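Dumped entry00.pdb below, it's PDB, C-alpha atoms:
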ATOM      1  CA  MET A   1      20.427 159.922 -28.595
ATOM      2  CA  LYS A   2      16.786 158.878 -28.680
ATOM      3  CA  LYS A   3      15.936 155.316 -29.434
ATOM      4  CA  GLN A   4      13.283 154.627 -32.032
ATOM      5  CA  PRO A   5      10.678 152.084 -30.972
ATOM      6  CA  THR A   6      11.047 148.867 -32.877
ATOM      7  CA  THR A   7       8.504 146.270 -33.700
ATOM      8  CA  SER A   8       9.350 142.670 -34.060
ATOM      9  CA  GLN A   9       8.212 140.967 -37.216
ATOM     10  CA  SER A  10       6.374 138.296 -35.240
ATOM     11  CA  GLY A  11       4.428 140.960 -33.289
ATOM     12  CA  ALA A  12       3.434 142.752 -36.495
ATOM     13  CA  LEU A  13       2.391 139.471 -38.074
ATOM     14  CA  ALA A  14       0.255 138.589 -35.049
ATOM     15  CA  ARG A  15      -1.514 141.987 -35.193
ATOM     16  CA  PHE A  16      -2.081 141.552 -38.946
ATOM     17  CA  PHE A  17      -3.700 138.124 -38.450
ATOM     18  CA  LYS A  18      -5.800 139.399 -35.550
ATOM     19  CA  ALA A  19      -7.082 142.330 -37.646
ATOM     20  CA  THR A  20      -7.759 140.069 -40.642
ATOM     21  CA  ILE A  21      -9.670 137.539 -38.555
ATOM     22  CA  SER A  22     -11.669 140.297 -36.840
ATOM     23  CA  ALA A  23     -12.611 141.847 -40.186
ATOM     24  CA  GLY A  24     -13.578 138.439 -41.575
ATOM     25  CA  LEU A  25     -15.745 137.619 -38.560
ATOM     26  CA  LEU A  26     -17.440 141.017 -38.769
ATOM     27  CA  ALA A  27     -18.194 140.514 -42.475
ATOM     28  CA  ALA A  28     -19.563 137.010 -41.818
ATOM     29  CA  PHE A  29     -21.756 138.326 -38.990
ATOM     30  CA  ILE A  30     -23.173 141.091 -41.218
ATOM     31  CA  LEU A  31     -23.928 138.573 -43.974
ATOM     32  CA  LEU A  32     -25.612 136.294 -41.455
ATOM     33  CA  LEU A  33     -27.840 139.116 -40.215
ATOM     34  CA  ASN A  34     -28.737 140.219 -43.740
ATOM     35  CA  GLY A  35     -29.487 136.670 -44.834
ATOM     36  CA  HIS A  36     -31.724 136.087 -41.836
ATOM     37  CA  SER A  37     -33.695 139.307 -42.230
ATOM     38  CA  SER A  38     -34.298 138.730 -45.940
ATOM     39  CA  GLN A  39     -35.908 135.344 -45.397
ATOM     40  CA  ALA A  40     -39.652 135.603 -45.348
ATOM     41  CA  GLY A  41     -41.073 132.673 -43.418
ATOM     42  CA  SER A  42     -44.463 131.104 -42.950
ATOM     43  CA  ALA A  43     -47.401 133.465 -43.366
ATOM     44  CA  THR A  44     -51.138 133.756 -44.044
ATOM     45  CA  TRP A  45     -52.664 135.378 -47.152
ATOM     46  CA  ARG A  46     -54.498 138.556 -46.124
ATOM     47  CA  LEU A  47     -58.246 139.164 -46.252
ATOM     48  CA  ASN A  48     -57.564 142.312 -48.315
ATOM     49  CA  PRO A  49     -54.175 141.936 -50.027
ATOM     50  CA  VAL A  50     -52.856 144.779 -52.202
ATOM     51  CA  SER A  51     -52.625 142.527 -55.281
ATOM     52  CA  GLY A  52     -52.793 138.908 -56.364
ATOM     53  CA  ASP A  53     -48.992 138.507 -56.453
ATOM     54  CA  TRP A  54     -47.799 135.692 -54.161
ATOM     55  CA  ASN A  55     -44.345 137.263 -53.986
ATOM     56  CA  THR A  56     -45.493 140.663 -52.649
ATOM     57  CA  ALA A  57     -44.829 140.835 -48.903
ATOM     58  CA  ALA A  58     -47.755 143.217 -48.259
ATOM     59  CA  ASN A  59     -50.189 140.480 -49.351
ATOM     60  CA  TRP A  60     -49.235 138.320 -46.368
ATOM     61  CA  THR A  61     -49.337 138.647 -42.621
ATOM     62  CA  ALA A  62     -45.991 139.220 -40.938
ATOM     63  CA  GLY A  63     -43.404 136.784 -42.183
ATOM     64  CA  GLY A  64     -44.531 136.676 -45.812
ATOM     65  CA  PRO A  65     -44.263 135.912 -48.574
ATOM     66  CA  PRO A  66     -43.592 132.254 -47.851
ATOM     67  CA  ASN A  67     -40.655 131.245 -50.026
ATOM     68  CA  GLY A  68     -38.383 128.784 -48.293
ATOM     69  CA  ALA A  69     -37.983 125.044 -47.833
ATOM     70  CA  THR A  70     -39.504 125.146 -44.325
ATOM     71  CA  ASP A  71     -42.204 127.762 -44.978
ATOM     72  CA  THR A  72     -45.959 127.132 -44.917
ATOM     73  CA  ALA A  73     -48.408 129.267 -46.895
ATOM     74  CA  THR A  74     -51.832 129.447 -45.250
ATOM     75  CA  PHE A  75     -54.989 130.621 -46.985
ATOM     76  CA  GLN A  76     -58.211 131.624 -45.233
ATOM     77  CA  SER A  77     -61.031 133.867 -46.401
ATOM     78  CA  SER A  78     -59.885 136.586 -48.831
ATOM     79  CA  ASN A  79     -61.273 139.144 -51.260
ATOM     80  CA  VAL A  80     -58.445 138.350 -53.718
ATOM     81  CA  THR A  81     -58.430 134.675 -54.629
ATOM     82  CA  ASP A  82     -56.528 134.634 -57.944
ATOM     83  CA  VAL A  83     -52.915 134.294 -56.797
ATOM     84  CA  LEU A  84     -50.027 134.487 -59.280
ATOM     85  CA  LEU A  85     -46.361 133.627 -58.784
ATOM     86  CA  SER A  86     -43.989 136.321 -60.054
ATOM     87  CA  THR A  87     -40.808 134.374 -59.300
ATOM     88  CA  ASP A  88     -39.703 130.848 -58.376
ATOM     89  CA  THR A  89     -41.335 129.896 -55.091
ATOM     90  CA  GLU A  90     -40.644 127.003 -52.707
ATOM     91  CA  VAL A  91     -42.699 125.973 -49.687
ATOM     92  CA  ASP A  92     -42.899 122.997 -47.368
ATOM     93  CA  GLY A  93     -46.683 123.096 -47.489
ATOM     94  CA  ILE A  94     -49.820 124.983 -48.448
ATOM     95  CA  VAL A  95     -52.765 124.922 -46.032
ATOM     96  CA  PHE A  96     -56.326 125.998 -46.801
ATOM     97  CA  GLY A  97     -58.050 126.584 -43.473
ATOM     98  CA  ALA A  98     -61.635 125.717 -42.566
ATOM     99  CA  GLY A  99     -63.911 128.189 -44.331
ATOM    100  CA  ALA A 100     -61.195 129.374 -46.730
ATOM    101  CA  SER A 101     -62.235 130.985 -49.996
ATOM    102  CA  ALA A 102     -61.875 129.083 -53.282
ATOM    103  CA  PHE A 103     -58.415 130.032 -54.575
ATOM    104  CA  THR A 104     -56.688 129.637 -57.924
ATOM    105  CA  ILE A 105     -52.898 129.639 -57.583
ATOM    106  CA  THR A 106     -51.100 130.021 -60.901
ATOM    107  CA  ALA A 107     -47.469 129.551 -61.855
ATOM    108  CA  THR A 108     -47.555 132.208 -64.592
ATOM    109  CA  PRO A 109     -44.419 132.794 -66.615
ATOM    110  CA  THR A 110     -43.553 136.032 -68.359
ATOM    111  CA  THR A 111     -40.112 135.610 -69.895
ATOM    112  CA  ALA A 112     -38.871 132.786 -67.676
ATOM    113  CA  VAL A 113     -40.152 129.544 -66.210
ATOM    114  CA  PHE A 114     -41.706 130.084 -62.772
ATOM    115  CA  ASN A 115     -41.800 127.085 -60.484
ATOM    116  CA  LEU A 116     -43.976 126.364 -57.493
ATOM    117  CA  LEU A 117     -42.012 123.717 -55.584
ATOM    118  CA  ILE A 118     -43.869 122.001 -52.760
ATOM    119  CA  GLY A 119     -41.225 119.998 -50.989
ATOM    120  CA  GLY A 120     -42.513 118.551 -47.755
ATOM    121  CA  ALA A 121     -45.951 118.418 -46.177
ATOM    122  CA  GLY A 122     -47.742 119.139 -49.461
ATOM    123  CA  ILE A 123     -51.232 120.604 -49.737
ATOM    124  CA  THR A 124     -53.713 120.338 -46.878
ATOM    125  CA  ASN A 125     -57.238 121.406 -47.773
ATOM    126  CA  ASN A 126     -59.478 121.846 -44.729
ATOM    127  CA  SER A 127     -61.817 124.275 -46.514
ATOM    128  CA  GLY A 128     -64.315 121.705 -47.763
ATOM    129  CA  ILE A 129     -64.246 123.288 -51.245
ATOM    130  CA  THR A 130     -62.079 122.760 -54.307
ATOM    131  CA  GLN A 131     -58.790 124.650 -54.571
ATOM    132  CA  ASN A 132     -57.236 125.165 -58.014
ATOM    133  CA  PHE A 133     -53.636 125.175 -59.200
ATOM    134  CA  VAL A 134     -52.624 126.152 -62.737
ATOM    135  CA  ALA A 135     -49.359 125.552 -64.605
ATOM    136  CA  ALA A 136     -49.799 128.279 -67.220
ATOM    137  CA  ASN A 137     -48.203 128.945 -70.590
ATOM    138  CA  SER A 138     -47.125 132.466 -71.497
ATOM    139  CA  GLY A 139     -48.074 132.089 -75.141
ATOM    140  CA  ASP A 140     -45.695 134.416 -76.964
ATOM    141  CA  SER A 141     -42.497 133.896 -74.982
ATOM    142  CA  GLY A 142     -42.760 130.107 -74.996
ATOM    143  CA  SER A 143     -42.204 129.978 -71.243
ATOM    144  CA  HIS A 144     -44.344 127.877 -68.964
ATOM    145  CA  GLY A 145     -45.172 127.524 -65.305
ATOM    146  CA  ARG A 146     -44.306 124.409 -63.329
ATOM    147  CA  ILE A 147     -45.829 122.901 -60.221
ATOM    148  CA  VAL A 148     -43.480 120.379 -58.638
ATOM    149  CA  PHE A 149     -44.100 118.020 -55.722
ATOM    150  CA  ASP A 150     -40.837 116.925 -54.146
ATOM    151  CA  ASN A 151     -39.911 114.408 -51.460
ATOM    152  CA  SER A 152     -43.075 113.142 -49.744
ATOM    153  CA  ALA A 153     -45.319 116.115 -50.646
ATOM    154  CA  THR A 154     -48.867 115.204 -51.700
ATOM    155  CA  ALA A 155     -51.687 117.088 -53.415
ATOM    156  CA  GLY A 156     -54.192 116.414 -50.640
ATOM    157  CA  THR A 157     -57.932 116.336 -51.305
ATOM    158  CA  LEU A 158     -60.256 118.629 -53.241
ATOM    159  CA  THR A 159     -57.400 120.061 -55.307
ATOM    160  CA  VAL A 160     -57.584 120.433 -59.083
ATOM    161  CA  PHE A 161     -54.553 120.932 -61.318
ATOM    162  CA  THR A 162     -54.861 122.515 -64.754
ATOM    163  CA  ASN A 163     -51.995 122.228 -67.211
ATOM    164  CA  GLU A 164     -52.140 124.995 -69.822
ATOM    165  CA  GLY A 165     -48.928 123.878 -71.486
ATOM    166  CA  GLY A 166     -46.877 124.040 -68.306
ATOM    167  CA  THR A 167     -45.798 120.994 -66.344
ATOM    168  CA  ALA A 168     -46.783 119.293 -63.142
ATOM    169  CA  ASP A 169     -44.079 116.980 -61.778
ATOM    170  CA  SER A 170     -43.448 114.802 -58.796
ATOM    171  CA  HIS A 171     -39.927 113.954 -57.643
ATOM    172  CA  TYR A 172     -39.896 111.208 -55.048
TER     173      TYR A 172
END
Show this structure as structure tokens.
Amino acid sequence: MKKQPTTSQSGALARFFKATISAGLLAAFILLLNGHSSQAGSATWRLNPVSGDWNTAANWTAGGPPNGATDTATFQSSNVTDVLLSTDTEVDGIVFGAGASAFTITATPTTAVFNLLIGGAGITNNSGITQNFVAANSGDSGSHGRIVFDNSATAGTLTVFTNEGGTADSHY
């Protein structure tokens, strides 16, 4: 008579836990890779961007658009200087390099409030000319843009803020 192989319950339980842990680690690793690749990073606005939308990656050098607590957005000379936010955006700092064009950066709402949160270094203007920031109002939808300085962020020099019914806040 042939004997059927038997499996102990403890052996089966050990294999089950090993498989479950392996699957969990694999899923966590995949999420980690996807999360890392979707983060933009610090970047510089292009000389010839495809549009004026801050949140379009093609408008920035590799690593853009800047939209993270440690990201820096750098602006130099450009043929497109009216820059609009199309979603909430957070940066550590905004830098206008020596010889940069005169930019107008607008938190423009459509159906929701769009925030520009500057949470660290703030704005550094090395261009020698005035840079403009606008907290706009959508008009019909009643939404508004917001420009928020958080932590120790400062507005720097030669920066003008226009409030068209939006808000400009500082949270220290």
Among listed residues A:Ser152, A:Gln131, A:Asn115, A:Asn137, nearest A:Leu85 (using all atoms listed in the file): A:Asn115
Proximity of stretch 36-61 of chain A to stretch 70-83 of chain A: per-residue shortest pair, 7 Å limit, all atoms listed in the file, as JSON lines:
{"residue": "A:Gly41", "atom": "CA", "partner": "A:Asp71", "partner_atom": "CA", "distance": 5.3}
{"residue": "A:Ser42", "atom": "CA", "partner": "A:Asp71", "partner_atom": "CA", "distance": 4.5}
{"residue": "A:Ala43", "atom": "CA", "partner": "A:Ala73", "partner_atom": "CA", "distance": 5.6}
{"residue": "A:Thr44", "atom": "CA", "partner": "A:Thr74", "partner_atom": "CA", "distance": 4.5}
{"residue": "A:Trp45", "atom": "CA", "partner": "A:Phe75", "partner_atom": "CA", "distance": 5.3}
{"residue": "A:Arg46", "atom": "CA", "partner": "A:Ser78", "partner_atom": "CA", "distance": 6.3}
{"residue": "A:Leu47", "atom": "CA", "partner": "A:Ser78", "partner_atom": "CA", "distance": 4.0}
{"residue": "A:Asn48", "atom": "CA", "partner": "A:Asn79", "partner_atom": "CA", "distance": 5.7}
{"residue": "A:Pro49", "atom": "CA", "partner": "A:Val80", "partner_atom": "CA", "distance": 6.7}
{"residue": "A:Gly52", "atom": "CA", "partner": "A:Val83", "partner_atom": "CA", "distance": 4.6}
{"residue": "A:Asp53", "atom": "CA", "partner": "A:Val83", "partner_atom": "CA", "distance": 5.8}
{"residue": "A:Trp54", "atom": "CA", "partner": "A:Val83", "partner_atom": "CA", "distance": 5.9}
Atom pair atom CA of A:His144 / atom CA of A:Gly97: separation (Å):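 Separation of atom CA of A:His144 and atom CA of A:Gly97: 29.0 Å.
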Skipping near chain neighbours, those fewer than 4 positions away, what residues fall within 12 Å of stretch 156-158 of chain A using all atoms listed in the file, listed as a tab-separated table (two decimals) with C-alpha atoms, in the coordinates of the input?
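Just written: result.tsv:
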chain	number	residue	atom	x	y	z
A	93	GLY	CA	-46.68	123.10	-47.49
A	94	ILE	CA	-49.82	124.98	-48.45
A	95	VAL	CA	-52.76	124.92	-46.03
A	96	PHE	CA	-56.33	126.00	-46.80
A	102	ALA	CA	-61.88	129.08	-53.28
A	103	PHE	CA	-58.42	130.03	-54.58
A	118	ILE	CA	-43.87	122.00	-52.76
A	121	ALA	CA	-45.95	118.42	-46.18
A	122	GLY	CA	-47.74	119.14	-49.46
A	123	ILE	CA	-51.23	120.60	-49.74
A	124	THR	CA	-53.71	120.34	-46.88
A	125	ASN	CA	-57.24	121.41	-47.77
A	126	ASN	CA	-59.48	121.85	-44.73
A	127	SER	CA	-61.82	124.28	-46.51
A	128	GLY	CA	-64.32	121.70	-47.76
A	129	ILE	CA	-64.25	123.29	-51.24
A	130	THR	CA	-62.08	122.76	-54.31
A	131	GLN	CA	-58.79	124.65	-54.57
A	132	ASN	CA	-57.24	125.16	-58.01
A	133	PHE	CA	-53.64	125.18	-59.20
A	149	PHE	CA	-44.10	118.02	-55.72
A	152	SER	CA	-43.08	113.14	-49.74
Please indicate the distance in Å from atom CA of A:Ser51 to atom CA of A:Ile105, rounded to one decimal place. 13.1 Å
What is the distance, in Å and to one decimal place, between atom CA of A:Thr104 and atom CA of A:Ile147?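 Rounded to one decimal, the two atoms are 13.0 Å apart.
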Which one of A:Asp92, A:Ala107, A:Thr87, A:Asn59 sits closest to A:Gly145 if you count all atoms listed in the file?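 Result for the nearest residue to A:Gly145: A:Ala107.
With all atoms listed in the file taken into account, the protein and nucleic acid residues at most 7 Å from A:Pro65 (excluding it and anything under 2 positions from it in its own chain) are Ala40, Gly41, Ala43, Trp54, Asn55, Thr56, Ala57, Trp60, Gly63 and Asn67 of chain A.
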Using all atoms listed in the file, which protein or nucleic acid residues come within 12 Å of A:Ala135? Drop anything in the same chain fewer than 6 positions from it, and give the result as a PyMOL selection string. chain A and resi 84-85+104-109+113-117+143-148+160-169
Axis-aligned box for all listed atoms of stretch 40-47 of chain A, 3 Å per side, centre and edges in Å to one decimal, as JSON:
{"center_x": -48.9, "center_y": 135.1, "center_z": -45.1, "size_x": 24.6, "size_y": 14.1, "size_z": 10.2}
I'd like to know which of A:Asn151, A:Ser101, A:Ser138, A:Thr159 is closest to A:Ala69, using all atoms listed in the file. A:Asn151
Using the incomplete input, complete stretch 92-114 of chain A to the level of N, CA and C atoms; output as a tab-separated table (two decimals), in the coordinates of the input.
chain	number	residue	atom	x	y	z
A	92	ASP	N	-42.75	124.33	-47.93
A	92	ASP	CA	-42.90	123.00	-47.37
A	92	ASP	C	-44.33	122.53	-47.56
A	93	GLY	N	-45.28	123.46	-47.36
A	93	GLY	CA	-46.68	123.10	-47.49
A	93	GLY	C	-47.57	124.29	-47.75
A	94	ILE	N	-48.77	123.99	-48.25
A	94	ILE	CA	-49.82	124.98	-48.45
A	94	ILE	C	-51.04	124.47	-47.71
A	95	VAL	N	-51.61	125.32	-46.85
A	95	VAL	CA	-52.76	124.92	-46.03
A	95	VAL	C	-53.93	125.85	-46.34
A	96	PHE	N	-55.08	125.26	-46.66
A	96	PHE	CA	-56.33	126.00	-46.80
A	96	PHE	C	-57.13	125.71	-45.54
A	97	GLY	N	-57.36	126.75	-44.74
A	97	GLY	CA	-58.05	126.58	-43.47
A	97	GLY	C	-59.54	126.35	-43.64
A	98	ALA	N	-60.18	125.92	-42.56
A	98	ALA	CA	-61.64	125.72	-42.57
A	98	ALA	C	-62.30	127.03	-42.94
A	99	GLY	N	-63.21	126.99	-43.89
A	99	GLY	CA	-63.91	128.19	-44.33
A	99	GLY	C	-63.13	129.06	-45.29
A	100	ALA	N	-61.99	128.58	-45.79
A	100	ALA	CA	-61.20	129.37	-46.73
A	100	ALA	C	-61.97	129.60	-48.02
A	101	SER	N	-61.66	130.69	-48.68
A	101	SER	CA	-62.24	130.99	-50.00
A	101	SER	C	-61.72	129.97	-51.01
A	102	ALA	N	-62.36	129.92	-52.18
A	102	ALA	CA	-61.88	129.08	-53.28
A	102	ALA	C	-60.78	129.86	-54.01
A	103	PHE	N	-59.56	129.35	-53.97
A	103	PHE	CA	-58.42	130.03	-54.58
A	103	PHE	C	-58.01	129.36	-55.88
A	104	THR	N	-57.39	130.15	-56.75
A	104	THR	CA	-56.69	129.64	-57.92
A	104	THR	C	-55.27	130.17	-57.84
A	105	ILE	N	-54.31	129.27	-57.70
A	105	ILE	CA	-52.90	129.64	-57.58
A	105	ILE	C	-52.23	129.24	-58.89
A	106	THR	N	-51.62	130.23	-59.56
A	106	THR	CA	-51.10	130.02	-60.90
A	106	THR	C	-49.61	130.31	-60.98
A	107	ALA	N	-48.87	129.34	-61.51
A	107	ALA	CA	-47.47	129.55	-61.86
A	107	ALA	C	-47.49	130.15	-63.26
A	108	THR	N	-47.41	131.48	-63.33
A	108	THR	CA	-47.56	132.21	-64.59
A	108	THR	C	-46.21	132.76	-65.04
A	109	PRO	N	-45.69	132.28	-66.14
A	109	PRO	CA	-44.42	132.79	-66.61
A	109	PRO	C	-44.61	134.09	-67.41
A	110	THR	N	-43.56	134.88	-67.46
A	110	THR	CA	-43.55	136.03	-68.36
A	110	THR	C	-42.46	135.78	-69.39
A	111	THR	N	-41.22	135.90	-68.98
A	111	THR	CA	-40.11	135.61	-69.90
A	111	THR	C	-39.27	134.45	-69.39
A	112	ALA	N	-39.63	133.89	-68.26
A	112	ALA	CA	-38.87	132.79	-67.68
A	112	ALA	C	-39.85	131.76	-67.11
A	113	VAL	N	-39.34	130.59	-66.83
A	113	VAL	CA	-40.15	129.54	-66.21
A	113	VAL	C	-40.27	129.86	-64.72
A	114	PHE	N	-41.50	129.90	-64.20
A	114	PHE	CA	-41.71	130.08	-62.77
A	114	PHE	C	-42.17	128.77	-62.19
